[in-house]
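Chemist: Sharing a structure with you now.
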Amino acid sequence: MNASAAVTPKPKVLVTGANGQLGKELRQLEKAWPQFDFLFLSREDLPIHHFELVRQFFAAEHPDYLINCAAYTAVDKAESEKELAYQINAEAVGVLAAICKQQHCRFIHISTDYVFDGSGQRPYTEEDPCSPQSIYGASKYQGEQLALKYDPGCIIIRTSWVYSSFGKNFVKTILRLLKEKPALSVVNDQQGSPTYAADLAEAILLIISSTSWKPGIYNYSNTGNITWYTFALAIAALQQSSVPIQGISTDQYPTAARRPAYSVLDTTKITETFGVPIRDWKESLARCLSFCTFSA
Ligand SMILES: NC(=O)c1ccc[n+]([C@@H]2O[C@H](COP(=O)([O-])OP(=O)(O)OC[C@H]3O[C@@H](n4cnc5c(N)ncnc54)[C@H](OP(=O)(O)O)[C@@H]3O)[C@@H](O)[C@H]2O)c1
């Protein structure tokens with residue numbers, strides 16, 4: 001081969017919020033996707049609400065793709081930290097979108113089922129009206145709108161009930177409580193679909209490696225229409241735990257933020273557009289538990 005022949009550089013994929021659940025699952029997949037040059041940035045590496053730093057970083061690195069996994073995700077705390085939640089989940093997303101548009105960087109942003117009010121009775125499609133009931137949901141909804149305003153070519157993925165062997169989540173909380181408590185009470189009147197962050201990470205990489213880029217909003221979750229109680233029972237069963245679990249109502253477990261009573265997402269669009277597989281929630285849960293380093 002001619003030594004002077006130009007080598008085509010690999011597409012550079014920037015991942016912000018890389019120390020969160022989704023960011024860490026993307027890191028796990030790095031070796032399996034050698035066609036991309038990944039750059040994983042934690043909050044310390046690139047705080048997305050420091051706009052000047054973000055501008056400088058993009059001007060120096062010129063990424064081809066941005067996967068924004070950074071978010072203010074403390075749903076209850078957001079009720080008392082409204083300004084910070086909006087700064088990270090909305091304002092910063094608008095800035096990222098504007099920079100991506102200007103630099104021809106393809107932008108994938110992650111949003112939430114909490115943009116819906118939960119009064120629905122069939123899986124929510126991407127076109128259903130949004131009416132968030134919490135500061136977190138409202139800040140994420142504004143983030144979606146700013147992303148679409150400043151970069152209409154972006155892709156927004158709404159997901160729900162995310163868990164992983166990394167970070168803090170419902171699955172790990174239940175595993176811990178099964179070890180610590182003689183009995184558990186879990187909310188049984190909120191319906192949704194869990195999402196294993198490893199599956200979502202794979203879906204995102206399938207989208208950026210697909211030959212067609214079709215902007216817009218897409219739903220993604222595992223299969224399932226379950227309650228937190230059903231989810232807890234499944235975790236306990238897979239752990240062969242005999243700790244009794246009872247279902248309770250949302251009223252019996254008051255939280256600062258209101259959560260949708262129903263937030264199952266219709267995932268037809270993402271499968272039809274990108275051929276992304278939607279995995280069975282129980283199989284994904286079993287896979288995740290096999291990676292959790294502690295057991296109940
Ligand atoms: N978790 C869920 O159940 C759920 C459900 C629906 C949608 N989502 C959405 O899915 C996406 C990924 O969520 P996740 O579960 O992976 O969240 P996560 O585990 O909380 O990770 C979020 C990451 O963002 C980082 N971060 C926070 N503020 C930042 C800032 N200003 N600049 C840069 N990084 C910042 C956090 O840093 P630190 O590690 O330093 O805190 C954390 O590593 C988010 O957009 C979230 O809204 C999550």
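Naming works like this for the structure tokens: A, B, ... for the chains as they're shown, residue 1 at the start of each chain, ligands 1 onward in shown order.
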Excluding A:Ser80 and its own-chain neighbours fewer than 3 positions away, which residues fall within 10 Å of it when counting only C-alpha atoms? Please give them as a PDB file with N, CA and C atoms, in the first residue's frame.

Modeler:
ATOM      1  N   VAL A  75     -35.278  13.349  40.087  1.00  0.00           N
ATOM      2  CA  VAL A  75     -36.663  13.767  39.802  1.00  0.00           C
ATOM      3  C   VAL A  75     -37.290  14.525  40.977  1.00  0.00           C
ATOM      4  N   ASP A  76     -37.134  14.036  42.186  1.00  0.00           N
ATOM      5  CA  ASP A  76     -37.753  14.715  43.336  1.00  0.00           C
ATOM      6  C   ASP A  76     -36.998  15.983  43.718  1.00  0.00           C
ATOM      7  N   LYS A  77     -35.670  15.909  43.704  1.00  0.00           N
ATOM      8  CA  LYS A  77     -34.856  17.073  44.076  1.00  0.00           C
ATOM      9  C   LYS A  77     -35.092  18.251  43.121  1.00  0.00           C
ATOM     10  N   GLU A  83     -34.125  25.850  38.947  1.00  0.00           N
ATOM     11  CA  GLU A  83     -33.238  26.619  38.063  1.00  0.00           C
ATOM     12  C   GLU A  83     -32.132  25.741  37.468  1.00  0.00           C
ATOM     13  N   LEU A  84     -31.519  24.927  38.352  1.00  0.00           N
ATOM     14  CA  LEU A  84     -30.435  24.058  37.889  1.00  0.00           C
ATOM     15  C   LEU A  84     -30.961  22.997  36.915  1.00  0.00           C
ATOM     16  N   ALA A  85     -32.137  22.434  37.240  1.00  0.00           N
ATOM     17  CA  ALA A  85     -32.725  21.411  36.364  1.00  0.00           C
ATOM     18  C   ALA A  85     -32.966  21.986  34.961  1.00  0.00           C
ATOM     19  N   ILE A 135     -41.196  19.211  37.645  1.00  0.00           N
ATOM     20  CA  ILE A 135     -40.148  20.116  37.142  1.00  0.00           C
ATOM     21  C   ILE A 135     -39.199  19.333  36.233  1.00  0.00           C
ATOM     22  N   ALA A 256     -41.929  14.126  46.335  1.00  0.00           N
ATOM     23  CA  ALA A 256     -41.999  15.561  46.019  1.00  0.00           C
ATOM     24  C   ALA A 256     -42.550  15.781  44.603  1.00  0.00           C
ATOM     25  N   ALA A 257     -42.134  14.931  43.662  1.00  0.00           N
ATOM     26  CA  ALA A 257     -42.556  15.108  42.258  1.00  0.00           C
ATOM     27  C   ALA A 257     -43.691  14.151  41.920  1.00  0.00           C
TER      28      ALA A 257
END

Chemist: What's around stretch 172-188 of chain A at 7 Å? Count only C-alpha atoms, leave out sequence neighbours fewer than 6 positions away in its own chain, and write the answer as an MDAnalysis selection string.

Modeler: chainID A and resid 227:229 232 243:250 295:296

Chemist: Run DSSP on the backbone of this structure and report the residues of stretch 25-272 of chain A it assigns to strand (DSSP E or B), as number ranges by chain.

Modeler: A: 37-41, 65-68, 106-112, 124, 155-159, 162-163, 184-187, 191-192, 195-196, 216-220, 226-227, 245-248, 262, 265

Chemist: Keeping only N, CA and C atoms, write the selected residues to a file as a tab-separated table (two decimals), in the first residue's frame.

Modeler:
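Result written to out.tsv:
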chain	number	residue	atom	x	y	z
A	37	ASP	N	-14.74	6.46	16.58
A	37	ASP	CA	-13.71	6.96	17.50
A	37	ASP	C	-14.47	7.67	18.64
A	38	PHE	N	-14.57	6.99	19.78
A	38	PHE	CA	-15.39	7.54	20.87
A	38	PHE	C	-14.59	8.48	21.77
A	39	LEU	N	-15.29	9.48	22.26
A	39	LEU	CA	-14.71	10.41	23.23
A	39	LEU	C	-15.72	10.51	24.37
A	40	PHE	N	-15.39	9.91	25.51
A	40	PHE	CA	-16.33	9.87	26.63
A	40	PHE	C	-15.99	10.98	27.62
A	41	LEU	N	-16.96	11.85	27.88
A	41	LEU	CA	-16.71	13.00	28.76
A	41	LEU	C	-17.67	13.02	29.94
A	65	TYR	N	-20.64	13.12	15.73
A	65	TYR	CA	-21.89	12.80	16.42
A	65	TYR	C	-21.77	13.24	17.87
A	66	LEU	N	-22.87	13.72	18.41
A	66	LEU	CA	-22.95	13.96	19.86
A	66	LEU	C	-24.09	13.13	20.42
A	67	ILE	N	-23.77	12.30	21.43
A	67	ILE	CA	-24.82	11.58	22.16
A	67	ILE	C	-24.88	12.22	23.54
A	68	ASN	N	-25.95	12.97	23.79
A	68	ASN	CA	-26.01	13.69	25.07
A	68	ASN	C	-26.68	12.84	26.14
A	106	ARG	N	-24.03	15.50	14.05
A	106	ARG	CA	-25.35	14.89	14.25
A	106	ARG	C	-25.61	14.69	15.74
A	107	PHE	N	-26.77	15.17	16.15
A	107	PHE	CA	-27.07	15.26	17.58
A	107	PHE	C	-28.14	14.25	17.98
A	108	ILE	N	-27.79	13.38	18.94
A	108	ILE	CA	-28.79	12.49	19.55
A	108	ILE	C	-28.97	12.91	20.99
A	109	HIS	N	-30.19	13.25	21.34
A	109	HIS	CA	-30.50	13.70	22.70
A	109	HIS	C	-31.49	12.72	23.33
A	110	ILE	N	-31.36	12.51	24.63
A	110	ILE	CA	-32.22	11.54	25.31
A	110	ILE	C	-33.26	12.27	26.16
A	111	SER	N	-34.52	11.87	26.01
A	111	SER	CA	-35.58	12.47	26.82
A	111	SER	C	-36.36	11.38	27.54
A	112	THR	N	-37.52	11.73	28.04
A	112	THR	CA	-38.17	10.88	29.04
A	112	THR	C	-39.67	10.72	28.83
A	124	TYR	N	-48.10	5.56	24.51
A	124	TYR	CA	-47.93	6.90	23.95
A	124	TYR	C	-47.11	6.84	22.67
A	155	ILE	N	-31.97	13.99	16.53
A	155	ILE	CA	-32.81	12.85	16.91
A	155	ILE	C	-32.98	12.89	18.42
A	156	ILE	N	-34.23	12.80	18.87
A	156	ILE	CA	-34.53	12.76	20.30
A	156	ILE	C	-35.12	11.39	20.62
A	157	ILE	N	-34.54	10.72	21.60
A	157	ILE	CA	-35.06	9.41	22.00
A	157	ILE	C	-35.68	9.53	23.38
A	158	ARG	N	-36.99	9.29	23.44
A	158	ARG	CA	-37.67	9.27	24.74
A	158	ARG	C	-37.62	7.85	25.29
A	159	THR	N	-37.18	7.74	26.53
A	159	THR	CA	-37.09	6.42	27.14
A	159	THR	C	-37.71	6.44	28.53
A	162	VAL	N	-35.26	3.70	33.31
A	162	VAL	CA	-33.92	3.21	32.91
A	162	VAL	C	-33.18	2.58	34.10
A	163	TYR	N	-32.58	1.44	33.86
A	163	TYR	CA	-31.76	0.79	34.89
A	163	TYR	C	-30.54	0.18	34.25
A	184	LEU	N	-41.02	-5.65	51.87
A	184	LEU	CA	-41.00	-4.43	51.07
A	184	LEU	C	-42.41	-4.03	50.64
A	185	SER	N	-42.61	-2.73	50.48
A	185	SER	CA	-43.86	-2.21	49.92
A	185	SER	C	-43.48	-1.41	48.67
A	186	VAL	N	-44.14	-1.72	47.55
A	186	VAL	CA	-43.76	-1.07	46.29
A	186	VAL	C	-45.03	-0.60	45.56
A	187	VAL	N	-44.92	0.57	44.97
A	187	VAL	CA	-46.08	1.20	44.30
A	187	VAL	C	-46.62	0.31	43.16
A	191	GLN	N	-48.01	2.49	35.83
A	191	GLN	CA	-47.68	1.51	34.78
A	191	GLN	C	-46.68	2.09	33.79
A	192	GLY	N	-45.70	1.29	33.42
A	192	GLY	CA	-44.71	1.75	32.44
A	192	GLY	C	-43.92	0.58	31.89
A	195	THR	N	-36.43	-0.02	30.91
A	195	THR	CA	-35.45	0.03	29.82
A	195	THR	C	-34.07	-0.29	30.38
A	196	TYR	N	-33.48	-1.37	29.90
A	196	TYR	CA	-32.10	-1.69	30.28
A	196	TYR	C	-31.20	-0.74	29.49
A	216	GLY	N	-36.00	13.51	14.19
A	216	GLY	CA	-37.32	13.50	14.83
A	216	GLY	C	-37.27	12.88	16.22
A	217	ILE	N	-38.45	12.69	16.78
A	217	ILE	CA	-38.58	12.11	18.12
A	217	ILE	C	-38.89	10.62	17.97
A	218	TYR	N	-38.24	9.79	18.78
A	218	TYR	CA	-38.47	8.35	18.78
A	218	TYR	C	-38.62	7.85	20.21
A	219	ASN	N	-39.53	6.90	20.41
A	219	ASN	CA	-39.65	6.24	21.70
A	219	ASN	C	-38.79	5.00	21.72
A	220	TYR	N	-38.19	4.71	22.88
A	220	TYR	CA	-37.47	3.44	23.03
A	220	TYR	C	-37.59	2.94	24.47
A	226	ILE	N	-45.95	-2.85	32.88
A	226	ILE	CA	-45.90	-3.40	34.25
A	226	ILE	C	-45.94	-2.26	35.27
A	227	THR	N	-46.09	-2.60	36.53
A	227	THR	CA	-45.99	-1.60	37.59
A	227	THR	C	-44.66	-1.80	38.30
A	245	ILE	N	-43.22	-9.03	49.32
A	245	ILE	CA	-43.39	-7.70	48.72
A	245	ILE	C	-44.88	-7.45	48.57
A	246	GLN	N	-45.33	-6.31	49.10
A	246	GLN	CA	-46.75	-5.97	48.92
A	246	GLN	C	-46.89	-4.74	48.03
A	247	GLY	N	-47.96	-4.71	47.26
A	247	GLY	CA	-48.25	-3.56	46.41
A	247	GLY	C	-48.97	-2.48	47.20
A	248	ILE	N	-48.56	-1.23	46.98
A	248	ILE	CA	-49.22	-0.10	47.64
A	248	ILE	C	-49.60	0.94	46.58
A	262	TYR	N	-49.47	6.38	34.05
A	262	TYR	CA	-49.31	5.46	32.90
A	262	TYR	C	-48.34	6.10	31.92
A	265	LEU	N	-44.59	3.41	26.41
A	265	LEU	CA	-44.25	4.07	25.14
A	265	LEU	C	-44.48	3.13	23.97

Chemist: Mind the document's chain letters and residue numbers, and return as a list in words the residues of stretch 127-188 of chain A that DSSP labels alpha helix (DSSP H).

Modeler: Ile135, Tyr136, Gly137, Ala138, Ser139, Lys140, Tyr141, Gln142, Gly143, Glu144, Gln145, Leu146, Ala147, Leu148, Lys149, Tyr150, Phe170, Val171, Lys172, Thr173, Ile174, Leu175, Arg176, Leu177, Leu178, Lys179 and Glu180 of chain A

Chemist: Can you write just those residues out, N, CA and C atoms, as a compact mmCIF listing (two decimals), in the first residue's frame?

Modeler:
# COMPACT_ATOMS: atom_id res chain seq x y z
N ILE A 135 -41.20 19.21 37.65
CA ILE A 135 -40.15 20.12 37.14
C ILE A 135 -39.20 19.33 36.23
N TYR A 136 -38.82 18.13 36.67
CA TYR A 136 -37.92 17.31 35.83
C TYR A 136 -38.55 17.10 34.44
N GLY A 137 -39.81 16.64 34.41
CA GLY A 137 -40.48 16.38 33.14
C GLY A 137 -40.59 17.65 32.28
N ALA A 138 -40.92 18.77 32.95
CA ALA A 138 -41.08 20.02 32.21
C ALA A 138 -39.74 20.51 31.67
N SER A 139 -38.67 20.34 32.46
CA SER A 139 -37.35 20.79 31.99
C SER A 139 -36.88 19.92 30.82
N LYS A 140 -37.19 18.62 30.88
CA LYS A 140 -36.80 17.74 29.76
C LYS A 140 -37.63 18.07 28.52
N TYR A 141 -38.90 18.42 28.73
CA TYR A 141 -39.75 18.76 27.58
C TYR A 141 -39.24 20.04 26.92
N GLN A 142 -38.86 21.01 27.76
CA GLN A 142 -38.31 22.24 27.17
C GLN A 142 -37.00 21.94 26.43
N GLY A 143 -36.21 21.01 26.98
CA GLY A 143 -34.97 20.59 26.30
C GLY A 143 -35.27 20.02 24.91
N GLU A 144 -36.31 19.22 24.81
CA GLU A 144 -36.71 18.67 23.50
C GLU A 144 -37.04 19.80 22.53
N GLN A 145 -37.83 20.75 23.03
CA GLN A 145 -38.27 21.85 22.15
C GLN A 145 -37.09 22.70 21.68
N LEU A 146 -36.16 22.96 22.60
CA LEU A 146 -34.98 23.76 22.22
C LEU A 146 -34.09 22.99 21.26
N ALA A 147 -33.96 21.68 21.48
CA ALA A 147 -33.14 20.86 20.57
C ALA A 147 -33.71 20.93 19.15
N LEU A 148 -35.04 20.78 19.05
CA LEU A 148 -35.68 20.81 17.73
C LEU A 148 -35.64 22.19 17.09
N LYS A 149 -35.71 23.24 17.95
CA LYS A 149 -35.67 24.61 17.44
C LYS A 149 -34.30 24.93 16.84
N TYR A 150 -33.25 24.60 17.61
CA TYR A 150 -31.90 25.01 17.17
C TYR A 150 -31.22 24.00 16.25
N PHE A 170 -33.79 1.78 40.18
CA PHE A 170 -34.80 0.98 40.91
C PHE A 170 -34.30 -0.45 41.14
N VAL A 171 -33.72 -1.06 40.14
CA VAL A 171 -33.28 -2.46 40.25
C VAL A 171 -32.25 -2.59 41.37
N LYS A 172 -31.29 -1.70 41.39
CA LYS A 172 -30.24 -1.79 42.42
C LYS A 172 -30.79 -1.45 43.80
N THR A 173 -31.76 -0.54 43.85
CA THR A 173 -32.39 -0.22 45.14
C THR A 173 -33.13 -1.45 45.67
N ILE A 174 -33.88 -2.11 44.81
CA ILE A 174 -34.62 -3.31 45.26
C ILE A 174 -33.64 -4.41 45.69
N LEU A 175 -32.56 -4.60 44.96
CA LEU A 175 -31.57 -5.62 45.35
C LEU A 175 -31.05 -5.32 46.75
N ARG A 176 -30.78 -4.04 47.00
CA ARG A 176 -30.26 -3.66 48.33
C ARG A 176 -31.32 -3.89 49.40
N LEU A 177 -32.55 -3.44 49.13
CA LEU A 177 -33.62 -3.56 50.13
C LEU A 177 -33.95 -5.03 50.43
N LEU A 178 -33.84 -5.88 49.43
CA LEU A 178 -34.10 -7.31 49.65
C LEU A 178 -33.10 -7.89 50.65
N LYS A 179 -31.92 -7.29 50.68
CA LYS A 179 -30.90 -7.75 51.64
C LYS A 179 -31.13 -7.17 53.03
N GLU A 180 -31.64 -5.90 53.04
CA GLU A 180 -31.69 -5.16 54.31
C GLU A 180 -33.00 -5.28 55.07

Chemist: Nearest to A:Ile99 among A:Asp117, A:Asp151, A:Asp189, A:Glu283, with distances taken over only C-alpha atoms: which residue is it?

Modeler: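 Under the stated criterion, the closest residue is A:Asp151.
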
Chemist: Considering only C-alpha atoms and all ligand atoms, can you say which of A:Ser290, A:Ser164, A:Thr267, A:Gln121 comes closest to ligand 1?

Modeler: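 Between A:Ser290, A:Ser164, A:Thr267, A:Gln121, the residue approaching ligand 1 most closely is A:Ser164.
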
Chemist: Please list as an NGL selection string every residue within 9 Å of A:Gly224, counting only C-alpha atoms and excluding residues in the same chain fewer than 2 positions away.

Modeler: :A and (192-194 or 221-222 or 226 or 264 or 280-282)

Chemist: Quick one: distance from atom CA of A:Leu289 to atom CA of A:Phe274 in Å, one decimal?

Modeler: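 Interatomic distance here is 27.8 Å.
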
Chemist: Ranking A:Glu126, A:Asp251, A:Glu81, A:Glu91 by minimum distance to A:Ile270 and counting only C-alpha atoms, which one comes first?

Modeler: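 Nearest to A:Ile270: A:Glu126.
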
Chemist: Give me the residues within 7 Å of stretch 21-24 of chain A as a VMD selection string, counting only C-alpha atoms and dropping any in the same chain fewer than 2 places off.

Modeler: chain A and resid 15 17 to 19 26 to 28 69 164 166 to 167 197 201
